[in-house]
>>> print(open('work.tsv').read())   # TSV, C-alpha atoms
chain	number	residue	atom	x	y	z
I	232	MET	CA	121.43	112.10	100.87
I	233	ALA	CA	122.55	108.55	100.14
I	234	ASN	CA	119.42	108.11	98.05
I	235	GLU	CA	120.31	111.14	95.94
I	236	GLN	CA	123.78	109.80	95.32
I	237	SER	CA	122.54	106.38	94.23
I	238	ASN	CA	120.04	107.98	91.86
I	239	SER	CA	122.68	110.17	90.26
I	240	THR	CA	125.02	107.25	89.59
I	241	THR	CA	122.52	104.85	88.09
I	242	ALA	CA	122.77	104.13	84.40
I	243	PRO	CA	120.38	106.12	82.21
I	244	THR	CA	117.33	104.24	81.05
I	245	THR	CA	116.18	104.02	77.47
I	246	ALA	CA	113.40	106.26	76.24
I	247	PRO	CA	109.91	105.11	77.25
I	248	ASN	CA	108.05	103.08	74.65
I	249	ARG	CA	111.15	102.77	72.48
I	250	PRO	CA	110.95	99.50	70.55
I	251	ARG	CA	113.13	96.74	71.93
I	252	TYR	CA	115.34	96.63	68.84
I	253	GLY	CA	115.09	100.36	68.13
I	254	ARG	CA	118.82	100.99	68.42
I	255	ALA	CA	119.67	98.10	66.07
I	256	VAL	CA	117.11	99.36	63.54
I	257	ASN	CA	118.56	102.87	63.83
I	258	ILE	CA	122.10	101.61	63.24
I	259	GLY	CA	121.01	99.47	60.29
I	260	LEU	CA	119.07	102.30	58.67
I	261	ARG	CA	121.88	104.78	59.29
I	262	THR	CA	124.42	102.44	57.72
I	263	ALA	CA	122.19	101.86	54.69
I	264	HIS	CA	121.57	105.61	54.42
I	265	ILE	CA	125.26	106.45	54.44
I	266	GLY	CA	125.92	103.78	51.81
I	267	VAL	CA	123.20	104.80	49.36
I	268	THR	CA	124.00	108.49	49.86
I	269	GLY	CA	127.65	107.80	49.04
I	270	VAL	CA	126.69	106.02	45.82
I	271	LEU	CA	124.29	108.85	44.92
I	272	CYS	CA	126.88	111.58	45.53
I	273	GLY	CA	129.62	109.73	43.67
I	274	GLY	CA	127.32	109.10	40.75
I	275	HIS	CA	126.49	112.78	40.45
I	276	VAL	CA	130.09	113.91	40.83
I	277	PHE	CA	131.17	111.50	38.08
I	278	ASP	CA	128.19	112.45	35.89
I	279	ILE	CA	126.54	109.04	35.72
I	280	PRO	CA	123.36	109.11	33.57
I	281	PRO	CA	120.27	110.29	35.48
I	282	GLU	CA	118.31	107.10	34.86
I	283	SER	CA	121.01	105.15	36.73
I	284	LEU	CA	120.94	107.56	39.68
I	285	ARG	CA	117.19	107.91	40.23
I	286	ILE	CA	116.95	104.69	42.25
I	287	TRP	CA	119.81	105.84	44.50
I	288	LEU	CA	118.02	109.14	45.09
I	289	VAL	CA	114.83	107.24	45.97
I	290	TRP	CA	116.74	104.99	48.39
I	291	THR	CA	118.51	107.98	49.94
I	292	ILE	CA	115.19	109.75	50.54
I	293	LEU	CA	113.47	106.57	51.74
I	294	THR	CA	116.19	105.65	54.25
I	295	GLY	CA	116.28	109.29	55.40
I	296	VAL	CA	112.53	109.33	56.00
I	297	LEU	CA	112.69	106.01	57.84
I	298	LEU	CA	115.52	107.34	60.00
I	299	ALA	CA	113.46	110.43	60.81
I	300	VAL	CA	110.53	108.23	61.85
I	301	VAL	CA	112.77	106.09	64.07
I	302	GLU	CA	114.34	109.19	65.64
I	303	ALA	CA	111.01	110.94	66.20
I	304	TYR	CA	109.36	107.93	67.86
I	305	PRO	CA	108.08	108.03	70.58
I	306	ARG	CA	108.61	111.76	71.14
I	307	LEU	CA	107.62	113.96	68.22
I	308	TYR	CA	109.42	116.99	69.66
I	309	TRP	CA	112.51	115.70	67.85
I	310	LEU	CA	110.95	117.25	64.72
I	311	TYR	CA	111.24	120.81	66.03
I	312	GLN	CA	114.55	120.46	67.80
I	313	GLY	CA	117.74	121.50	66.02
I	314	ARG	CA	118.63	117.91	65.15
I	315	GLY	CA	115.24	117.22	63.57
I	316	LEU	CA	115.20	120.48	61.68
I	317	PHE	CA	118.59	119.64	60.15
I	318	VAL	CA	117.27	116.25	58.99
I	319	LEU	CA	114.06	117.75	57.58
I	320	THR	CA	116.11	120.37	55.74
I	321	LYS	CA	118.33	117.66	54.23
I	322	LEU	CA	115.29	115.67	53.11
I	323	ALA	CA	113.73	118.77	51.55
I	324	LEU	CA	116.94	119.50	49.65
I	325	LEU	CA	117.13	115.92	48.37
I	326	CYS	CA	113.53	116.14	47.18
I	327	LEU	CA	114.42	119.26	45.15
I	328	ILE	CA	117.07	117.49	43.08
I	329	PRO	CA	114.73	116.28	40.30
I	330	TRP	CA	113.59	119.87	39.70
I	331	LEU	CA	117.00	121.50	40.20
I	332	TRP	CA	119.05	118.92	38.30
I	333	PRO	CA	121.81	121.31	37.12
I	334	TYR	CA	122.52	122.14	40.79
I	335	ARG	CA	122.45	118.55	42.07
I	336	VAL	CA	126.14	118.34	43.06
I	337	ALA	CA	125.93	121.61	45.00
I	338	ILE	CA	122.72	120.46	46.69
I	339	LEU	CA	124.31	117.14	47.64
I	340	ALA	CA	127.37	118.97	48.98
I	341	ALA	CA	125.05	121.13	51.11
I	342	VAL	CA	123.30	117.99	52.39
I	343	ILE	CA	126.64	116.42	53.37
I	344	ILE	CA	127.74	119.63	55.12
I	345	LEU	CA	124.43	119.79	57.02
I	346	ALA	CA	124.83	116.14	58.00
I	347	GLY	CA	128.31	116.68	59.39
I	348	VAL	CA	127.45	119.88	61.24
I	349	GLY	CA	124.12	118.55	62.51
I	350	SER	CA	125.68	115.35	63.84
I	351	HIS	CA	128.46	117.09	65.71
I	352	MET	CA	127.03	120.42	66.84
I	353	PRO	CA	126.85	121.07	70.58
I	354	ALA	CA	123.88	119.70	72.53
I	355	ARG	CA	122.57	123.21	73.21
I	356	PHE	CA	121.80	123.45	69.48
I	357	ARG	CA	120.91	119.81	68.78
I	358	TYR	CA	118.30	119.68	71.54
I	359	TYR	CA	117.08	123.28	71.26
I	360	SER	CA	113.35	123.44	70.57
I	361	VAL	CA	112.28	126.26	68.27
I	362	LEU	CA	108.72	125.93	69.64
I	363	HIS	CA	109.70	126.05	73.33
I	364	GLY	CA	112.63	128.47	73.02
I	365	ARG	CA	114.86	126.20	75.15
I	366	MET	CA	116.58	122.82	75.24
I	367	LEU	CA	114.38	119.79	75.72
>>> encode(input="work.tsv", output="structure tokens")
Amino acid sequence: MANEQSNSTTAPTTAPNRPRYGRAVNIGLRTAHIGVTGVLCGGHVFDIPPESLRIWLVWTILTGVLLAVVEAYPRLYWLYQGRGLFVLTKLALLCLIPWLWPYRVAILAAVIILAGVGSHMPARFRYYSVLHGRML
């Protein structure tokens, strides 16, 4: 019984095989992603010329992909959990912008809404696996 109590009060360990500086990399990438996404959204809202915004779209997609890689490592099931599906949906929407240019502000608004909802939705949705039909 005492053993059970000591096990339940120990601090959680980090994920196996997670890189030593994985959390710092995640925070750095997330901060960069929020920054470049803010510039991209503002540029579109204020109708900045497309040639000035393309690099910000590239950086937004690149930092988003890198964040997805960091989140998915070392367990790929992140990709088919609610949280991963939200991120993949946002990346897909961002990739559509060059072909759906007249709708870019609406697409970016949808991406921001998905980001807010996905980041703060209850764990039962964030960690729900569509392949397993349960939380992982």
>>> atom_distance(input="work.tsv", atom1="CA of Trp290 in chain I", atom2="CA of Thr268 in chain I")
8.2 Å
>>> residues_around(input="work.tsv", residues="Cys272 in chain I", least_positions_apart="4", cutoff="8 Å", atoms="all atoms listed in the file", output="number ranges by chain")
I: 268, 276, 336, 339
>>> closest_residue(input="work.tsv", among="I:His351, I:Ala299, I:Met366, I:Asp278", to="Pro333 in chain I", atoms="only C-alpha atoms")
I:Asp278
>>> atom_distance(input="work.tsv", atom1="CA of His264 in chain I", atom2="CA of Thr294 in chain I")
5.4 Å
>>> residues_around(input="work.tsv", residues="Ile258 in chain I", least_positions_apart="3", cutoff="12 Å", atoms="only C-alpha atoms", output="list in words")
Tyr252, Gly253, Arg254, Ala255, Arg261, Thr262, Ala263, His264, Ile265, Thr294, Leu297, Leu298, Val301 and Glu302 of chain I
>>> write_last_selection(input="work.tsv", atoms="C-alpha atoms", output="compact mmCIF listing (two decimals), in the coordinates of the input")
# COMPACT_ATOMS: atom_id res chain seq x y z
CA TYR I 252 115.34 96.63 68.84
CA GLY I 253 115.09 100.36 68.13
CA ARG I 254 118.82 100.99 68.42
CA ALA I 255 119.67 98.10 66.07
CA ARG I 261 121.88 104.78 59.29
CA THR I 262 124.42 102.44 57.72
CA ALA I 263 122.19 101.86 54.69
CA HIS I 264 121.57 105.61 54.42
CA ILE I 265 125.26 106.45 54.44
CA THR I 294 116.19 105.65 54.25
CA LEU I 297 112.69 106.01 57.84
CA LEU I 298 115.52 107.34 60.00
CA VAL I 301 112.77 106.09 64.07
CA GLU I 302 114.34 109.19 65.64
>>> residues_around(input="work.tsv", residues="Arg355 in chain I", least_positions_apart="5", cutoff="12 Å", atoms="all atoms listed in the file", output="list of chain:residue names")
I:Gln312, I:Gly313, I:Arg314, I:Gly349, I:Ser360, I:Val361, I:Gly364, I:Arg365, I:Met366, I:Leu367
>>> residues_near_point(input="work.tsv", point="(120.2, 106.5, 43.5)", cutoff="10 Å", atoms="only C-alpha atoms", output="PyMOL selection string")
chain I and resi 267-275+281-292
>>> write_last_selection(input="work.tsv", atoms="C-alpha atoms", output="mmCIF file, in the coordinates of the input")
data_model
loop_
_atom_site.group_PDB
_atom_site.id
_atom_site.type_symbol
_atom_site.label_atom_id
_atom_site.label_comp_id
_atom_site.auth_asym_id
_atom_site.auth_seq_id
_atom_site.Cartn_x
_atom_site.Cartn_y
_atom_site.Cartn_z
ATOM 1 C CA VAL I 267 123.200 104.800 49.360
ATOM 2 C CA THR I 268 124.000 108.490 49.860
ATOM 3 C CA GLY I 269 127.650 107.800 49.040
ATOM 4 C CA VAL I 270 126.690 106.020 45.820
ATOM 5 C CA LEU I 271 124.290 108.850 44.920
ATOM 6 C CA CYS I 272 126.880 111.580 45.530
ATOM 7 C CA GLY I 273 129.620 109.730 43.670
ATOM 8 C CA GLY I 274 127.320 109.100 40.750
ATOM 9 C CA HIS I 275 126.490 112.780 40.450
ATOM 10 C CA PRO I 281 120.270 110.290 35.480
ATOM 11 C CA GLU I 282 118.310 107.100 34.860
ATOM 12 C CA SER I 283 121.010 105.150 36.730
ATOM 13 C CA LEU I 284 120.940 107.560 39.680
ATOM 14 C CA ARG I 285 117.190 107.910 40.230
ATOM 15 C CA ILE I 286 116.950 104.690 42.250
ATOM 16 C CA TRP I 287 119.810 105.840 44.500
ATOM 17 C CA LEU I 288 118.020 109.140 45.090
ATOM 18 C CA VAL I 289 114.830 107.240 45.970
ATOM 19 C CA TRP I 290 116.740 104.990 48.390
ATOM 20 C CA THR I 291 118.510 107.980 49.940
ATOM 21 C CA ILE I 292 115.190 109.750 50.540
#
>>> atom_distance(input="work.tsv", atom1="CA of Lys321 in chain I", atom2="CA of Val342 in chain I")
5.3 Å
>>> closest_residue(input="work.tsv", among="I:Leu325, I:Val296, I:Met352, I:Ile279", to="Ala340 in chain I", atoms="all atoms listed in the file")
I:Leu325
>>> closest_residue(input="work.tsv", among="I:Val256, I:Leu307, I:Leu362, I:Val318", to="Ile344 in chain I", atoms="all atoms listed in the file")
I:Val318
>>> closest_residue(input="work.tsv", among="I:Ala337, I:Ala303, I:Leu293, I:Leu310", to="Leu322 in chain I", atoms="all atoms listed in the file")
I:Leu293
>>> closest_residue(input="work.tsv", among="I:Phe277, I:Tyr304, I:Trp309, I:Phe317", to="Ala341 in chain I", atoms="only C-alpha atoms")
I:Phe317
>>> axis_aligned_box(input="work.tsv", around="range 331-337 of chain I", padding_each_side="3 Å", output="JSON")
{"center_x": 121.6, "center_y": 120.2, "center_z": 41.1, "size_x": 15.1, "size_y": 9.8, "size_z": 13.9}
>>> closest_residue(input="work.tsv", among="I:Gly266, I:Pro353, I:Gly295, I:Pro305", to="Ala323 in chain I", atoms="all atoms listed in the file")
I:Gly295
>>> decode(input="work.tsv", residues="range 303-315 of chain I", atoms="N, CA, C and O atoms", output="PDB file, in the first residue's frame")
ATOM      1  N   ALA I 303       5.087  15.225 -32.787  1.00  0.00           N
ATOM      2  CA  ALA I 303       4.844  13.821 -33.129  1.00  0.00           C
ATOM      3  C   ALA I 303       5.967  12.901 -32.659  1.00  0.00           C
ATOM      4  O   ALA I 303       5.748  11.707 -32.476  1.00  0.00           O
ATOM      5  N   TYR I 304       7.149  13.427 -32.440  1.00  0.00           N
ATOM      6  CA  TYR I 304       8.280  12.601 -32.022  1.00  0.00           C
ATOM      7  C   TYR I 304       8.257  12.429 -30.515  1.00  0.00           C
ATOM      8  O   TYR I 304       8.051  13.405 -29.805  1.00  0.00           O
ATOM      9  N   PRO I 305       8.422  11.269 -29.960  1.00  0.00           N
ATOM     10  CA  PRO I 305       8.737   9.991 -30.590  1.00  0.00           C
ATOM     11  C   PRO I 305       7.504   9.130 -30.842  1.00  0.00           C
ATOM     12  O   PRO I 305       7.638   7.987 -31.240  1.00  0.00           O
ATOM     13  N   ARG I 306       6.338   9.634 -30.587  1.00  0.00           N
ATOM     14  CA  ARG I 306       5.116   8.820 -30.734  1.00  0.00           C
ATOM     15  C   ARG I 306       4.260   9.374 -31.863  1.00  0.00           C
ATOM     16  O   ARG I 306       3.634  10.417 -31.710  1.00  0.00           O
ATOM     17  N   LEU I 307       4.197   8.670 -32.952  1.00  0.00           N
ATOM     18  CA  LEU I 307       3.467   9.152 -34.117  1.00  0.00           C
ATOM     19  C   LEU I 307       1.962   9.178 -33.930  1.00  0.00           C
ATOM     20  O   LEU I 307       1.261   9.754 -34.740  1.00  0.00           O
ATOM     21  N   TYR I 308       1.450   8.582 -32.853  1.00  0.00           N
ATOM     22  CA  TYR I 308      -0.010   8.597 -32.685  1.00  0.00           C
ATOM     23  C   TYR I 308      -0.549   9.996 -32.474  1.00  0.00           C
ATOM     24  O   TYR I 308      -1.744  10.233 -32.616  1.00  0.00           O
ATOM     25  N   TRP I 309       0.316  10.955 -32.192  1.00  0.00           N
ATOM     26  CA  TRP I 309      -0.098  12.359 -32.095  1.00  0.00           C
ATOM     27  C   TRP I 309      -0.812  12.785 -33.379  1.00  0.00           C
ATOM     28  O   TRP I 309      -1.757  13.568 -33.343  1.00  0.00           O
ATOM     29  N   LEU I 310      -0.372  12.233 -34.519  1.00  0.00           N
ATOM     30  CA  LEU I 310      -0.923  12.622 -35.816  1.00  0.00           C
ATOM     31  C   LEU I 310      -2.400  12.283 -35.972  1.00  0.00           C
ATOM     32  O   LEU I 310      -3.115  12.953 -36.699  1.00  0.00           O
ATOM     33  N   TYR I 311      -2.872  11.231 -35.310  1.00  0.00           N
ATOM     34  CA  TYR I 311      -4.287  10.870 -35.447  1.00  0.00           C
ATOM     35  C   TYR I 311      -5.074  11.073 -34.164  1.00  0.00           C
ATOM     36  O   TYR I 311      -6.177  10.553 -34.013  1.00  0.00           O
ATOM     37  N   GLN I 312      -4.516  11.850 -33.260  1.00  0.00           N
ATOM     38  CA  GLN I 312      -5.275  12.317 -32.108  1.00  0.00           C
ATOM     39  C   GLN I 312      -5.899  13.662 -32.490  1.00  0.00           C
ATOM     40  O   GLN I 312      -5.467  14.313 -33.452  1.00  0.00           O
ATOM     41  N   GLY I 313      -6.873  14.097 -31.719  1.00  0.00           N
ATOM     42  CA  GLY I 313      -7.534  15.364 -31.995  1.00  0.00           C
ATOM     43  C   GLY I 313      -6.562  16.512 -32.166  1.00  0.00           C
ATOM     44  O   GLY I 313      -6.669  17.308 -33.105  1.00  0.00           O
ATOM     45  N   ARG I 314      -5.578  16.613 -31.282  1.00  0.00           N
ATOM     46  CA  ARG I 314      -4.615  17.716 -31.345  1.00  0.00           C
ATOM     47  C   ARG I 314      -3.805  17.693 -32.634  1.00  0.00           C
ATOM     48  O   ARG I 314      -3.567  18.730 -33.254  1.00  0.00           O
ATOM     49  N   GLY I 315      -3.385  16.536 -33.082  1.00  0.00           N
ATOM     50  CA  GLY I 315      -2.634  16.436 -34.325  1.00  0.00           C
ATOM     51  C   GLY I 315      -3.492  16.723 -35.542  1.00  0.00           C
ATOM     52  O   GLY I 315      -3.051  17.370 -36.497  1.00  0.00           O
TER      53      GLY I 315
END
